[in-house]
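Worksheet for the structure shown next.
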Amino acid sequence: TTDTTDLCSNHGTMTAGVIAAAGNDAVGIAGIDWNTRILPVVVLNGCSGVTSWFAQGLTWATDHGANVVNCSLQYSSSTSVMEIAVQYANQSGVAIVAASGNTADAGVTYPAKYPEVIAVGSLNAADEISSTSAIGEGVDVEAPGVNVLSTSGLNEYALSSGTSIAAPHATATIALMHAAAPRIPCKWQSRAGARAECRPCARSHRRCRSSRAG
């Protein structure tokens, strides 16, 4: 679809705002990397969807130049089509960041659970893991995820909580890293071995982009 209207309680614009809201303008909030470009990709119908839609969206983003992909969504189980898409993006040099899930001690959800994906849990203002954030094996990093102020819709701001709002903090940080050193690292690996394989990037140099899923 070419319709990128923000649905699901403005989930998309809230995550995008953390990454790339305009800064240094004395208005609202500033994104962590406000010079990045957003490549919006809709993979849900409202707040729900199937893994094949996610796989199609991730593949499309990879083929259209995304360097870093933010996945503020969760699925309870893996499917082969989703796993193949994640592996394709990873092998293409795309860094994939995903919310670990609002599942507490039930564990990390997909796609965050894949070793090629950086799984992000949420922290509260006291720098403690939030009560709903997935914990246990598979969580790579935590980021602010309780009462985070961000953009909402076309011209509003709102508070949001959960691993979905934590993930874009990590996504934006990686986008800044990529902008500073676009040739390394390219192949991201979160738990199956080293965090990143430092090698020349096969892809042509371009400014960093972030893809929104959801």
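Letters for chains follow the order of the structure tokens (A, B, ...), residue numbers begin at 1 for each chain, and ligand numbers begin at 1 in the order shown.
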* To do: Please return as a list of chain:residue names: the residues of stretch 80-193 of chain A that backbone DSSP assigns to strand (DSSP E).
  =>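 Filtering stretch 80-193 of chain A to strand (DSSP E) leaves A:Ala95, A:Ile96, A:Val97, A:Ala98, A:Ala99, A:Val117, A:Ile118, A:Ala119, A:Val120, A:Gly121, A:Ser122, A:Leu123, A:Val141, A:Glu142, A:Ala143, A:Pro144, A:Val148, A:Leu149, A:Ser150, A:Thr151, A:Ser152, A:Glu156, A:Tyr157, A:Ala158, A:Leu159, A:Ser160, A:Lys187, A:Trp188.
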Using the selection just defined, write its residues with N, CA, C and O atoms as a tab-separated table (two decimals), in the first residue's frame.
chain	number	residue	atom	x	y	z
A	95	ALA	N	20.90	-3.04	9.72
A	95	ALA	CA	20.79	-3.25	11.16
A	95	ALA	C	19.31	-3.28	11.52
A	95	ALA	O	18.56	-2.37	11.19
A	96	ILE	N	18.88	-4.34	12.20
A	96	ILE	CA	17.48	-4.51	12.56
A	96	ILE	C	17.34	-4.39	14.07
A	96	ILE	O	18.00	-5.12	14.82
A	97	VAL	N	16.49	-3.49	14.51
A	97	VAL	CA	16.25	-3.26	15.93
A	97	VAL	C	14.77	-3.53	16.19
A	97	VAL	O	13.91	-3.10	15.43
A	98	ALA	N	14.48	-4.24	17.28
A	98	ALA	CA	13.08	-4.57	17.57
A	98	ALA	C	12.78	-4.49	19.05
A	98	ALA	O	13.65	-4.71	19.90
A	99	ALA	N	11.54	-4.16	19.34
A	99	ALA	CA	11.06	-4.19	20.72
A	99	ALA	C	11.12	-5.62	21.24
A	99	ALA	O	10.69	-6.55	20.55
A	117	VAL	N	18.80	-9.81	15.20
A	117	VAL	CA	18.05	-8.61	15.58
A	117	VAL	C	18.51	-8.13	16.95
A	117	VAL	O	18.73	-8.93	17.86
A	118	ILE	N	18.63	-6.82	17.11
A	118	ILE	CA	18.98	-6.23	18.39
A	118	ILE	C	17.68	-6.03	19.18
A	118	ILE	O	16.83	-5.23	18.80
A	119	ALA	N	17.53	-6.77	20.28
A	119	ALA	CA	16.31	-6.75	21.08
A	119	ALA	C	16.42	-5.70	22.18
A	119	ALA	O	17.38	-5.71	22.96
A	120	VAL	N	15.43	-4.82	22.26
A	120	VAL	CA	15.48	-3.69	23.18
A	120	VAL	C	14.38	-3.79	24.22
A	120	VAL	O	13.19	-3.83	23.88
A	121	GLY	N	14.77	-3.82	25.48
A	121	GLY	CA	13.83	-3.77	26.58
A	121	GLY	C	13.63	-2.34	27.04
A	121	GLY	O	14.30	-1.41	26.54
A	122	SER	N	12.73	-2.12	28.00
A	122	SER	CA	12.43	-0.76	28.44
A	122	SER	C	12.83	-0.52	29.88
A	122	SER	O	12.77	-1.41	30.73
A	123	LEU	N	13.24	0.73	30.15
A	123	LEU	CA	13.64	1.17	31.49
A	123	LEU	C	12.72	2.28	31.95
A	123	LEU	O	12.17	3.04	31.14
A	141	VAL	N	19.79	-4.91	24.92
A	141	VAL	CA	19.97	-3.62	25.58
A	141	VAL	C	18.62	-3.15	26.10
A	141	VAL	O	17.57	-3.65	25.70
A	142	GLU	N	18.67	-2.19	27.03
A	142	GLU	CA	17.45	-1.51	27.47
A	142	GLU	C	17.57	-0.03	27.18
A	142	GLU	O	18.68	0.52	27.10
A	143	ALA	N	16.42	0.62	27.04
A	143	ALA	CA	16.38	2.05	26.75
A	143	ALA	C	15.14	2.63	27.41
A	143	ALA	O	14.24	1.88	27.83
A	144	PRO	N	15.06	3.96	27.53
A	144	PRO	CA	13.88	4.57	28.16
A	144	PRO	C	12.58	4.10	27.51
A	144	PRO	O	12.45	4.12	26.29
A	148	VAL	N	7.47	8.25	27.95
A	148	VAL	CA	8.35	8.96	27.02
A	148	VAL	C	7.52	9.92	26.18
A	148	VAL	O	6.53	9.53	25.56
A	149	LEU	N	7.90	11.18	26.17
A	149	LEU	CA	7.19	12.18	25.38
A	149	LEU	C	7.67	12.15	23.94
A	149	LEU	O	8.87	12.17	23.67
A	150	SER	N	6.73	12.09	23.02
A	150	SER	CA	7.09	12.07	21.60
A	150	SER	C	5.98	12.69	20.77
A	150	SER	O	4.93	13.07	21.27
A	151	THR	N	6.25	12.79	19.48
A	151	THR	CA	5.25	13.28	18.53
A	151	THR	C	4.10	12.29	18.45
A	151	THR	O	4.28	11.08	18.63
A	152	SER	N	2.90	12.79	18.15
A	152	SER	CA	1.72	11.94	18.05
A	152	SER	C	0.81	12.48	16.97
A	152	SER	O	0.25	13.57	17.11
A	156	GLU	N	0.55	16.88	17.34
A	156	GLU	CA	0.39	16.75	18.78
A	156	GLU	C	1.58	16.02	19.39
A	156	GLU	O	2.43	15.48	18.68
A	157	TYR	N	1.60	16.02	20.74
A	157	TYR	CA	2.62	15.30	21.50
A	157	TYR	C	1.90	14.48	22.56
A	157	TYR	O	0.84	14.86	23.04
A	158	ALA	N	2.49	13.35	22.93
A	158	ALA	CA	1.85	12.49	23.92
A	158	ALA	C	2.90	11.64	24.60
A	158	ALA	O	4.02	11.46	24.10
A	159	LEU	N	2.54	11.10	25.76
A	159	LEU	CA	3.41	10.19	26.49
A	159	LEU	C	3.11	8.75	26.06
A	159	LEU	O	1.97	8.39	25.81
A	160	SER	N	4.16	7.95	26.00
A	160	SER	CA	3.99	6.55	25.60
A	160	SER	C	4.91	5.68	26.44
A	160	SER	O	5.99	6.10	26.87
A	187	LYS	N	27.44	-5.72	9.10
A	187	LYS	CA	26.73	-6.95	9.41
A	187	LYS	C	26.53	-7.04	10.92
A	187	LYS	O	27.46	-7.26	11.67
A	188	TRP	N	25.30	-6.85	11.36
A	188	TRP	CA	24.99	-6.82	12.79
A	188	TRP	C	24.62	-8.20	13.28
A	188	TRP	O	23.88	-8.93	12.64
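When DSSP reads the backbone of this structure, the residues of stretch 90-179 of chain A it assigns to helix (DSSP H, G or I) are Asn90, Gln91, Ala104, Asp105, Ala106, Thr163, Ser164, Ile165, Ala166, Ala167, Pro168, His169, Ala170, Thr171, Ala172, Thr173, Ile174, Ala175, Leu176, Met177, His178 and Ala179 of chain A.
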May I have the residues within 8 Å of stretch 50-57 of chain A as a short mmCIF file (atom, residue, chain, number, x, y, z; two decimals) with N, CA, C and O atoms, in the first residue's frame, using only C-alpha atoms and disregarding those fewer than 5 positions away in the same chain?
data_model
loop_
_atom_site.label_atom_id
_atom_site.label_comp_id
_atom_site.auth_asym_id
_atom_site.auth_seq_id
_atom_site.Cartn_x
_atom_site.Cartn_y
_atom_site.Cartn_z
N VAL A 41 7.11 2.29 6.42
CA VAL A 41 6.64 1.04 5.83
C VAL A 41 5.50 0.49 6.70
O VAL A 41 5.72 0.21 7.88
N VAL A 42 4.34 0.35 6.15
CA VAL A 42 3.18 -0.16 6.89
C VAL A 42 3.10 -1.67 6.73
O VAL A 42 3.01 -2.17 5.61
N VAL A 43 3.13 -2.39 7.85
CA VAL A 43 3.06 -3.85 7.79
C VAL A 43 1.92 -4.41 8.64
O VAL A 43 1.81 -5.63 8.83
N LEU A 44 1.08 -3.53 9.15
CA LEU A 44 -0.05 -3.94 9.97
C LEU A 44 -1.35 -3.35 9.43
O LEU A 44 -1.32 -2.35 8.69
N TYR A 75 5.47 -10.45 17.70
CA TYR A 75 4.72 -11.65 17.34
C TYR A 75 5.07 -12.73 18.36
O TYR A 75 6.22 -12.83 18.81
N THR A 79 7.93 -17.58 12.17
CA THR A 79 7.53 -18.29 10.95
C THR A 79 8.71 -18.27 9.99
O THR A 79 9.59 -17.41 10.08
N VAL A 81 8.84 -17.53 6.85
CA VAL A 81 8.88 -16.37 5.97
C VAL A 81 9.45 -15.16 6.69
O VAL A 81 10.20 -14.37 6.10
N MET A 82 9.15 -15.01 7.97
CA MET A 82 9.71 -13.90 8.73
C MET A 82 11.20 -14.09 8.97
O MET A 82 11.99 -13.15 8.82
N ILE A 84 13.34 -15.77 7.18
CA ILE A 84 14.07 -15.59 5.92
C ILE A 84 14.24 -14.11 5.60
O ILE A 84 15.30 -13.67 5.17
N ALA A 85 13.20 -13.33 5.84
CA ALA A 85 13.28 -11.89 5.57
C ALA A 85 14.31 -11.22 6.48
O ALA A 85 15.07 -10.34 6.05
N VAL A 86 14.34 -11.62 7.75
CA VAL A 86 15.31 -11.07 8.70
C VAL A 86 16.72 -11.42 8.26
O VAL A 86 17.63 -10.57 8.26
N ALA A 213 7.96 0.08 11.08
CA ALA A 213 7.02 -1.02 10.89
C ALA A 213 5.94 -0.89 11.93
O ALA A 213 6.18 -1.03 13.11
#
* **Residue nearest A:Ala61 among A:Ser77, A:Thr171, A:Asn147, A:Ser92 (counting only C-alpha atoms)** => A:Ser92
